[in-house]
Structure formats: C-alpha cells, structure tokens
Amino acid sequence: MKELDQVVIRFAGDSGDGMQLAGNRFTVVTSLIPNDLATLPDFPAEIRAPAGTVAGVSSFQIHFSDHDILTPGDKPDVLVAMNPAALKVHLSSLAPGGVILANVDAFDERSLSKAGYSSNPLEGDELSSYRVYKIPMTKLTLEACKDAGVKPRDAERSKNFFALGLVSWMYTRPVEPTIDWIQKRFASNELVREANLRSFKAGYNFGETAELFESQYEVAPATFRSGTYTSVTGNTALAWGLIAASRLAKMPLFLGSYPITPASDILHELAKLKEFGVKTFQAEDEIAGAGSALGAAFGGSLAVTTTSGPGIDLKAETIGLAAHLELPMVIVDIQRVGPSTGIPTKTEQSDLSAVVYGRHGESPVPVVAAMSPSHAFEAAIEACRIAVKYRTPVYLLSDGYIANSSEPWTLPDVSRIEPIDPNFLEEPNHVDDEGKPSYWPYIRDPETFARQWALPGTPGMEHRVGGLEHQDGSGSVSYDPLNHEKMVQLRQAKVEAIAKAIPPVGLNDPDGPGGADVLLVSWGSTYSAVMAGVKRVRARGMKAAMAHLMYLNPFPANLGEVLGHYRKILVPEINSGQLCTMLRAAYLVDAQSISKVQGLPFKTAEIEAAIMDVIDND
Amino acid sequence: MTDVATTNGKATSRKDWASDQEVRWCPGCGDFTILAAMQTMLADIGARRESTVFVSGIGCSSRFPYYMNTYGIHSIHGRAPALASGLAIARPDLDIWVITGDGDALSIGGNHFIHAMRRNINMNIVLFNNQIYGLTKGQYSPTSEVGSVTKSTPYGSIDTPFNPVSLALGAEATYVARTHDMDRNHMMEVLKRAHEHKGTSFVEIYQNCNVYNDGVFSDITGKDRRADYLIPLVHGQAIRYGQNGEYGVARGDDGHLHLVRVEEVGEDALLIHDESLENPSQAFELSRLARGPHEPTPIGIFRSVERPEYGYEVARQVAEVEGKKGIGDIAALLQSSGTWTVN
Ligand SMILES: Cc1ncc(C[n+]2csc(CCOP(=O)(O)OP(=O)(O)O)c2C)c(N)n1
Ligand code: SF4
Ligand SMILES: [Mg+2]
C-alpha cells in the first residue's frame with residue numbers, strides 16, 4: 001500500500017460508455033473517505049455524436065486529496081481510456097509518467113481508424129513515457145455476466161462498472177456504497193442490476209488478483225472542519241438555494257423556464273421538489289419564461305427564470321420591464337460558450353457585459369455571481385434577497401463548469417440564515433384629492449429607494465403598473481422631461497444603494513493592503529484556479545494578493561480603495577476581458593486582462609505563469 | 001337574492017370600474033365602446049375589483065388597463081399572455097383579462113397566444129381586431145386583407161391574413177367567440193360568458209379604427225347592412241340571417257357548409273348551432289364561411305367546451321406531492337444525496 005497526498009483521475013470514453021456515471025459514483029465514495037475533492041465533467045454537445053469518434057468523447061475528471069484543494073487539477077495522473085478516441089483526445093493532458101488504463105478490447109482496427117489512428121498506439125512506443133495497462137475490459141465484463149441471463153450486447157454496457165471497480169480497488173475506495181447504490185438504482189431491472197454488480201465486482205477483483213499492479217494506493221482522509229458534509233453540483237446547490245430563499249421570504253417559488261444546456265438541470269430539480277410548494281412552468285420560449293416569472297412576481301411569488309446565453313438575449317426586454325416596474329425577479333444565467341449556439345456544453349464567463357449592459361435605455365440591474373458549486377446555494381439566496389429587498393430584477397451568474405462540477409459542502413443551518421422580508425403593503429399609503437385613502441405604487445423607502453409593494457387581491461390597493469414612464473410616487477403615466485430624468489436617476493440610485501448593504505470585498509494579502517507586488521481579481525468560477533495560482537506563487541516566495549468579487553453590479557463600496565493599493569492588477573477571466581474593462585472604466589486603474597476562451601476553466605499553472613510573468617517583468 | 005354588484009362590500013356601478021386616468025383614444029375610436037361594455041359588465045355581474053387584473057401588451061388597445069380601476073399591467077408588445085400565464089399559475093384566485101391587438105396577439109405575440117390557449121390557462125384574451133397597427137400610425141397587420149393599402153403597403157398588401165377565430169380553434173382553445181364594437185349588449189354577453197368560462201377564453205372584437213382603417217367592418221357592424229352580413233350564432237338555434245331570416249347556413253350534399261336561401265332548402269335543413277361540440281371541426285367550418293368582413297360573417301360564440309384548467313392542475317400536483325411526501329423539509333433536502341460527518 002502506498003500513500004499519496006493527492007490524485008487526479010480522468011475517466012474518458014465514448015459518450016455511450018457511461019463515463020459520467022462512473023465518475024459520479026467514484027466521487028461519492030471518495031467523499032465518504034472523506035477526501036477533499038473537485039470534479040470537472042466534460043461532455044460533447046451532441047447527445048449521440050458518432051460512436052467511437054473523437055467528437056463523441058466524454059470525460060469526467062476528479063481531483064482528490066488529503067488536504068484542502070481548490071481545482072479539479074491541471075493534469076490527470078491516471079487516464080481511463082475506454083476506446084482509442086478517448087486516448088487520442090486526452091493523452092496530451094496526461095502528466096508525464098502517468099498511468100493509462102486502456103480497454104484493449106476497444107482498440108480494434110475499425111475503432112482505431114475512427115479515432116484517426118493509423119496504427120495501434122498501445123503497440124508502438126508512442127506511449128513509452130507512460131505506464132500503460134492494457135486490460136481486456138469488454139471481455140472480462142462479458143465473462144462476468146456470462147451466466148446472468150443478460151444478452152452480450154447489454155452486458156457490454158456494464159463495462160463502465162468494471163472500470164469503476166478497478167479504479168476503486170487501485171485507490172482503496174469502499175465498495176459497499178457502490179453496491180448499495182446499484183441495488184437501489186436498478187431495483188426494478190434485475191438483469192441490468194445483476195450485470196452492473198457482477199462487472200463492478202469483476203473490476204475490483206481483477207485489480208486484486210491480476211498481479212498487474214505493483215500496489216494499491218491510499219489517499220488519507222483530509223482534515224475537514226467538523227460538520228455534516230454532502231457533495232453537490234452547482235446546479236443542484238443553486239436550485240436548493242432558491243428553495244431556501246423561498247422559505248426565508250415566505251414567498252412561494254415560481255420558476256418560468258425554457259430548456260437549455262447547461263441550465264436545464266435546475267428546472268428538472270425544481271420540478272421534482274413540489275413538496276416545497278414550488279411551481280415550475282416550462283414555457284414556450286425564453287421570453288415567456290421571463291414573462292411568466294414577471295407575472296408571477298406581480299402576484300407575490302418569489303419569481304425566477306433560468307437560462308443560458310442565447311436565452312439571455314431573448315429575455316432582455318422583459319428584464320428591462322421588470323427594472324422599470326420595479327418588481328423582484330431573479331434571472332439565472334448558467335453561462336456557456338458563445339456567441340450564438342457556440343459550444344453548448346463548454347464553459348465561459350462571457351455574458352458579464354451582456355447582463356450588466358445588455359438592455360436598451362438606462363436599465364441598471366444588479367448582478368451576483370456564484371464562485372463554486374456549493375457557493376451557488378448562498379449566491380442564490382443573496383440574489384433573491386437583493387431582488388425582494390430592492391424590488392428589482394437581479395442577475396445570478398453561474399457557468400457550465402460550476403453547474404456540473406461537484407465539491408464537498410458543509411451543510412448550512414438554514415434556520416440560522418437571516419429571513420428575507422418582502423414587506424408587502426396592505427394599507428393605503430396616500431390620500432387622494434377627495435380625501436379618500438389610496439395606494440401609490442412608487443412611494444419609496446428613503447434609504448434603499450425600494451418602492452412600497454402591494455399585491456393583487458388586496459382590497460383598496462388596486463393600481464396599474466406599466467412600461468410607459470411614470471410619475472414617481474403615483475405611478476401615473478408621465479412624459480414630463482424632468483420627471484423622466486428623475487426616474488432614470490432614481491432607478492440608478494436604487495441599484496447603487498445596494499453597495500451600502502453588501503459586504504466590502506475581502507483582500508487576501510498576507511502583507512497587508514499594498515504589500516504584494518500584484519493583485520489578482522477573480523470573479524465567478526475563476527476563484528478556484530486564481531486562489532490556487534496565488535498560493536503556488538507564494539510558495540515560491542513571491543508576493544501576490546487576491547480579491548474575489550461576488551457582486552459585479554454594483555461593485556462593493558471599498559473596491560476602488562482596494563485596487564488603489566496596487567500598481568499591478570491582473571484580472572483572469574474566461575472571456576476577452578469583460579470585468580477588466582469594467583474595472584478600468586469605473587476606477588481608472590491599469591488592470592490587465594488574463595484571457596482564456598477555450599471552453600475550459602483556467603489551470604492553476606496558467607495563473608501561476610501569468611503572475612510570474614508580471615513579477616519577472618517588473 | 002338581489003342582484004347587486006359588490007366590491008369591498010360596496011355596490012358597484014360602471015363608474016367604480018373606471019380609473020382616474022383620462023382616456024386618450026382618438027375620438028370615435030371603437031375602443032371606447034369596448035371599455036364601456038367591459039366596465040358595465042363587470043359591475044353587473046358583481047366582479048371584485050381587488051381580484052381583477054388586466055394585462056396588456058402594446059398598442060392603442062393595450063392602453064386599456066390604465067383606464068380600469070383594477071390591478072393592471074401594461075407590459076411589452078406581444079407578451080401579455082406570457083405574463084398572464086405566470087400570474088394565473090401563481091395566483092389561481094385572480095380574474096385575469098388579457099387585452100391585445102391584432103398585431104400584438106397575432107404578429108409579435110403569436111407564440112404566447114397559441115400556447116396559452118393550448119394549455120387552457122385561466123385568462124380571458126380579448127383581441128381588438130382593427131386590421132391595422134393603430135399605435136404605430138397605420139401599417140398593415142396580420143389580419144389586414146390582401147390588397148390593403150396602408151403606409152407600409154402602398155401598392156397593397158400581399159400577405160394572406162390570419163383568421164383569429166380559426167387560429168384559436170386550431171390552437172385548442174376551449175372558448176372562442178367573436179363580437180363587434182357596435183353592439184354593446186352582444187359584447188357584454190360574450191364577455192360575461194368568457195368570464196364564466198374556466199380556462200382560456202378567446203374573444204375577437206371587430207373594432208373600428210376610425211383614423212387608419214375606418215369602416216373595414218361596416219358591412220357587418222353598420223346598422224344598415226348588418227342584417228345581410230352578420231350571421232348570429234346562437235346555441236341550440238338554427239343559424240339564420242337576413243332582413244327576414246331568409247338566409248341560413250346548411251350542410252350541402254358535398255359535406256361542406258354553405259350559405260343558403262331558406263326557401264330553397266327548407267327550415268329543417270338549417271344547421272343548428274352547437275357551441276359545446278367536443279370536436280372543433282364544425283366551429284372551424286363556421287369560421288371559414290367568410291373570407292373577410294365583406295361577406296356574411298358569423299358573430300357569436302363558436303365554441304365553449306370544458307377542459308381542465310392549467311393553474312388548477314399545477315396546484316393539484318403540488319398538493320398531491322405535498323400530501324404524499326409531507327411538506328418539504330429543507331434540512332432533509334440538503335442531506336438527500338448522502339452525507340458524511342466529521343467530528
Ligand atoms: C418590441 C416592439 N416592437 C415594436 C413596437 C412598436 N409597436 C407598438 S404597438 C405596435 C402595433 C400595434 O398594433 P396592434 O397590436 O394591432 O394594436 P392597435 O394599436 O391597433 O390597437 C407596434 C408595431 C414595440 N412597442 N415594441
Ligand atoms: S389610432 Fe385607431 S385604434 Fe388607435 S386610438 Fe385612434 S382610432 Fe383608435
Ligand atoms: Mg390593430
């Protein structure tokens with residue numbers, strides 16, 4: 001038995017090979033050790049990309065350790081390659097000396113040529129710098145299922161469980177949880193259950209008996225702070241955050257949405273959770289997704305619409321109306337590669353400018369971003385809180401990487417989270433010319449500028465709101481030039497007032513403000529790679545500081561001051577420098593963009609190199 | 001029981017349903033009569049102002065909610081059914097009216113319009129059809145007839161128009177009616193029935209835009225020619241029209257509906273109108289009798305059938321799951337995919 005402090009494994013195969021499932025099960029047992037972990041699923045956009053081709057490769061990477069980690073790892077130590085295409089796609093990212101577990105049965109002539117190999121890489125010396133294990137996974141799976149009554153074609157489908165069994169043995173993962181899971185998951189399908197169980201055990205036993213491997217490995221439990229943990233993906237955490245917010249506000253949750261990758265899982269999750277009083281509405285398009293949410297908001301629901309890039313374009317007009325009516329709603333954007341359809345399953349942070357600026361007229365909308373899978377829970381609550389408190393649409397940004405990755409999460413105690421007070425108005429707030437009490441929808445709180453909000457169904461509070469410019473206070477249609485100017489300023493001031501209520505941005509600089517040579521500013525999912533990169537640079541004796549932005553509009557009140565301490569500011573983003581441009585515009589600082597737009601998150605090494613570059617060139 | 005309309009316990013009259021906003025349509029616009037009919041009808045039936053919501057898109061017609069002393073949203077061009085859908089699902093207790101125009105409902109908002117009806121969500125969609133874009137000052141619309149000369153079709157429109165009633169029937173609407181702005185009583189009756197109907201009701205109102213499209217419906221709506229051009233649809237009665245009832249609708253040997261002279265076919269051959277037919281085919285055939293408002297045109301309720309209402313079904317599913325699983329517990333939800341504990 002050998003001890004390791006951390007391992008990165010990538011399961012890769014054809015999209016029909018069940019690699020996501022194998023990866024997810026491995027994640028669950030790893031979380032039970034408990035190791036710290038981070039994952040990165042990566043799948044093709046096509047549901048049925050041609051089998052065996054490079055385009056059809058699906059992979060799942062997991063990084064686990066005995067210490068605190070932030071990212072899913074730059075380079076895998078172990079590559080499970082279920083077919084030649086998987087090897088072809090992923091070989092270049094394997095760490096030198098890394099392990100390849102290849103399903104040798106899949107390396108036949110036809111599959112090799114589909115993957116674009118003219119000769120079998122497992123036979124030449126192309127792979128000589130790696131430790132290659134050629135394992136007949138298909139054959140062994142078929143053998144294991146021989147007497148189970150499963151047709152060979154069906155039995156073959158269980159080979160992902162063989163691979164899972166083998167890797168579970170290599171890294172001494174407990175087997176019972178997987179066996180239990182297979183039994184429960186396939187309870188109603190005896191043949192599949194049996195095939196999966198047998199294949200999983202066969203894989204595990206193969207490791208034990210084949211004498212192919214020098215040793216098993218162990219990654220000791222990480223020290224977690226005490227508490228109860230679970231492993232969540234960003235989309236699940238976000239959906240749960242919305243439910244928690246609905247409870248905290250005592251407002252029923254309404255989701256209007258139109259399916260789109262990678263946001264659909266939030267719709268799926270909330271559609272299941274009707275016991276929380278959630279109403280989900282799969283609308284005819286994104287415009288109706290947003291429109292129905294705004295209608296539900298008018299009725300007093302905690303209204304949400306979820307989407308990704310293309311859907312954001314369609315919703316813009318409705319969000320402008322929501323900002324104008326001053327009604328709360330949350331627009332969730334799980335960003336993906338754009339423009340246009342782009343690469344739907346890959347991640348990007350390229351909608352920031354669109355959500356901050358992308359509406360006609362002066363239409364300020366607050367923006368909050370989740371920084372990790374588990375943080376999506378908190379970010380969702382925060383977005384709802386701002387929306388309800390300030391009567392405004394709020395953008396909640398996540399991305400494809402956060403959405404599908406998972407990490408361990410200390411379960412929060414929801415009963416200790418501060419409630420959200422919708423503060424509905426039930427009594428008239430005005431007296432009309434004839435001395436009769438009436439309701440004016442645009443009378444505001446002097447501090448937050450939030451308007452007083454009454455719901456339909458309340459007698460005596462009947463009122464009209466609309467997209468035409470209106471008089472502050474009464475809400476009556478008004479084309480008065482000075483009133484319009486006042487309203488534009490008020491709507492802007494309201495969003496700016498949020499800066500007074502949100503926490504100041506934290507500065508991570510061991511030497512105090514201005515101590516480091518360079519400040520890294522991260523937002524959203526770049527947090528993990530930037531933090532890891534900063535740590536590495538510090539380990540080399542260099543001085544780097546970091547600030548992470550959860551609030552993108554308005555910025556925290558102290559941001560200008562924090563930036564002002566540094567001569568060099570780097571802003572890594574999975575876009576072409578959108579936040580960087582905003583910071584330069586807002587604070588007149590010489591921030592520099594570190595841009596990556598490959599549909600993938602930053603690697604720690606890339607951040608490290610970028611920081612070293614500016615320090616060296618000083 | 002006396003038939004006194006109440007809101008907040010007080011009797012209401014038409015005046016109580018009028019907001020304090022000055023009505024700003026062009027003098028003589030058909031929208032005024034529709035507004036009066038709506039306000040009078042709601043007062044008459046004793047509807048409650050506090051639970052009534054008017055949602056509109058954009059257009060002259062869509063200014064309507066500002067003039068109603070109820071809750072209201074003047075939303076975005078074409079999107080009123082989308083907002084109303086969310087509101088109706090979230091709040092099944094409300095009475096929701098969608099006010100829209102021929103451009104608003106059938107051009108930019110076509111998608112929301114058909115899907116609301118297919119789902120049968122609780123809203124009454126009232127389409128003011130003036131066969132023109134009024135607010136934007138006179139471009140042709142999806143209901144303008146071929147050849148219409150408008151600002152954007154100086155040589156005549158070449159688009160085949162929609163027939164809103166046919167479209168609604170094709171979109172699975174459960175209540176479909178047509179009325180016009182020159183007969184307040186008929187309008188009130190059709191609106192009242194729309195209000196009583198569960199699910200989506202669709203009412204097309206032939207509305208005169210006296211500025212940009214004056215008189216397009218006058219064959220049907222004008223008192224002088226009405227008898228010869230307006231075919232009244234009355235449930236359970238033979239479909240018959242003309243000064244002396246000399247014309248009617250009958251099914252011919254070819255299987256199709258035809259306009260006939262009663263003396264030629266005999267009274268017994270006339271089609272008896274049945275708005276409750278489950279199969280919408282006959283209603284559809286009726287909607288196709290006239291190719292435009294210059295031919296005898298059926299006015300009245302084409303179809304009125306029952307189907308589960310969407311918002312009710314959504315609430316039923318929620319209640320069923322709550323009943324089966326118990327009211328959701330957040331702490332349990334967060335633990336639902338397995339946990340481990342570190343001491
Ligand atoms: C997105 C958008 N596009 C265009 C317009 C301009 N516009 C306002 S109303 C209208 C047409 C209205 O016609 P109709 O629905 O028939 O209503 P009417 O004025 O005739 O009652 C148009 C094109 C708009 N307000 N919004
Ligand atoms: S333009 Fe036509 S529809 Fe609009 S208010 Fe004037 S008359 Fe009425
Ligand atoms: Mg019109």
# chains A, B, ... in the order shown; residues from 1 in each chain; ligands from 1
>>> interface_residues(of="chain B", to="chain A", cutoff="6 Å", atoms="only C-alpha atoms", output="PyMOL selection string")
chain B and resi 50-51+70-75+82-87+90+318+321-322+327-328+339-343
>>> residues_near_ligand(ligand="ligand 2", cutoff="9 Å", atoms="only C-alpha atoms and all ligand atoms", output="PyMOL selection string")
chain B and resi 24-32+59-61+128+130+132-138+207-214
>>> closest_residue(among="B:Ile205, B:Ile114, B:Val190, B:Ile301", to="ligand 1", atoms="only C-alpha atoms and all ligand atoms")
B:Ile205
>>> residues_around(residues="A:Tyr217", least_positions_apart="3", cutoff="10 Å", atoms="only C-alpha atoms", output="list in words")
Met1, Lys2, Glu3, Leu4, Val7, Ser168, Trp169, Met170, Tyr171, Thr172, Arg173, Glu214 and Ala220 of chain A
>>> atom_distance(atom1="atom CA of B:Thr200", atom2="atom CA of B:Glu313")
13.8 Å
>>> select_by_dssp(residues="stretch 96-165 of chain A", states="alpha helix (DSSP H)", output="list in words")
Glu109, Arg110, Ser111, Leu112, Ser113, Lys114, Met137, Thr138, Lys139, Leu140, Thr141, Leu142, Glu143, Ala144, Pro152, Arg153, Asp154, Ala155, Glu156, Lys159, Asn160, Phe161, Phe162, Ala163, Leu164 and Gly165 of chain A
>>> residues_around(residues="A:Leu519", least_positions_apart="3", cutoff="7 Å", atoms="only C-alpha atoms", output="compact mmCIF listing (two decimals) with all heavy atoms, in the first residue's frame")
# COMPACT_ATOMS: atom_id res chain seq x y z
N ALA A 544 1.87 37.83 -3.93
CA ALA A 544 0.69 38.10 -4.76
C ALA A 544 -0.50 38.24 -3.82
O ALA A 544 -0.63 37.51 -2.85
CB ALA A 544 0.47 36.97 -5.75
N ALA A 545 -1.37 39.19 -4.14
CA ALA A 545 -2.59 39.40 -3.36
C ALA A 545 -3.79 39.01 -4.20
O ALA A 545 -3.68 38.87 -5.43
CB ALA A 545 -2.70 40.86 -2.94
N MET A 546 -4.91 38.82 -3.55
CA MET A 546 -6.09 38.41 -4.29
C MET A 546 -7.35 39.05 -3.72
O MET A 546 -7.48 39.22 -2.51
CB MET A 546 -6.22 36.89 -4.23
CG MET A 546 -7.49 36.38 -4.85
SD MET A 546 -7.42 34.62 -5.06
CE MET A 546 -9.11 34.33 -5.52
N TYR A 566 -2.60 48.84 -5.40
CA TYR A 566 -1.69 48.03 -6.23
C TYR A 566 -1.39 48.70 -7.55
O TYR A 566 -2.27 49.26 -8.19
CB TYR A 566 -2.30 46.64 -6.46
CG TYR A 566 -2.46 45.91 -5.15
CD1 TYR A 566 -3.62 46.05 -4.41
CD2 TYR A 566 -1.42 45.14 -4.63
CE1 TYR A 566 -3.77 45.43 -3.18
CE2 TYR A 566 -1.55 44.53 -3.40
CZ TYR A 566 -2.73 44.68 -2.68
OH TYR A 566 -2.84 44.08 -1.46
N LYS A 568 0.05 46.84 -9.96
CA LYS A 568 -0.21 45.82 -10.97
C LYS A 568 -1.46 45.04 -10.58
O LYS A 568 -1.54 44.49 -9.47
CB LYS A 568 0.97 44.86 -11.07
CG LYS A 568 2.20 45.60 -11.50
CD LYS A 568 3.15 44.71 -12.22
CE LYS A 568 4.05 45.59 -13.06
NZ LYS A 568 5.26 44.94 -13.46
N ILE A 569 -2.37 44.99 -11.49
CA ILE A 569 -3.63 44.29 -11.24
C ILE A 569 -3.88 43.34 -12.41
O ILE A 569 -3.85 43.76 -13.57
CB ILE A 569 -4.80 45.29 -11.11
CG1 ILE A 569 -4.55 46.24 -9.93
CG2 ILE A 569 -6.12 44.56 -10.95
CD1 ILE A 569 -5.50 47.42 -9.87
N LEU A 570 -4.09 42.07 -12.08
CA LEU A 570 -4.39 41.09 -13.13
C LEU A 570 -5.82 40.60 -12.95
O LEU A 570 -6.24 40.30 -11.84
CB LEU A 570 -3.45 39.90 -13.03
CG LEU A 570 -1.97 40.14 -13.35
CD1 LEU A 570 -1.20 38.83 -13.28
CD2 LEU A 570 -1.83 40.77 -14.74
>>> closest_residue(among="B:Asn129, B:His115, B:Val23, B:Ile34", to="ligand 1", atoms="only C-alpha atoms and all ligand atoms")
B:Asn129
>>> residues_around(residues="B:Arg226", least_positions_apart="5", cutoff="12 Å", atoms="only C-alpha atoms", output="NGL selection string")
:B and (180 or 182-183 or 217-221 or 231-232 or 241-243 or 293-299)
>>> closest_residue(among="A:Leu70, A:Thr305, A:Ala202, A:Ala316", to="ligand 1", atoms="only C-alpha atoms and all ligand atoms")
A:Ala316
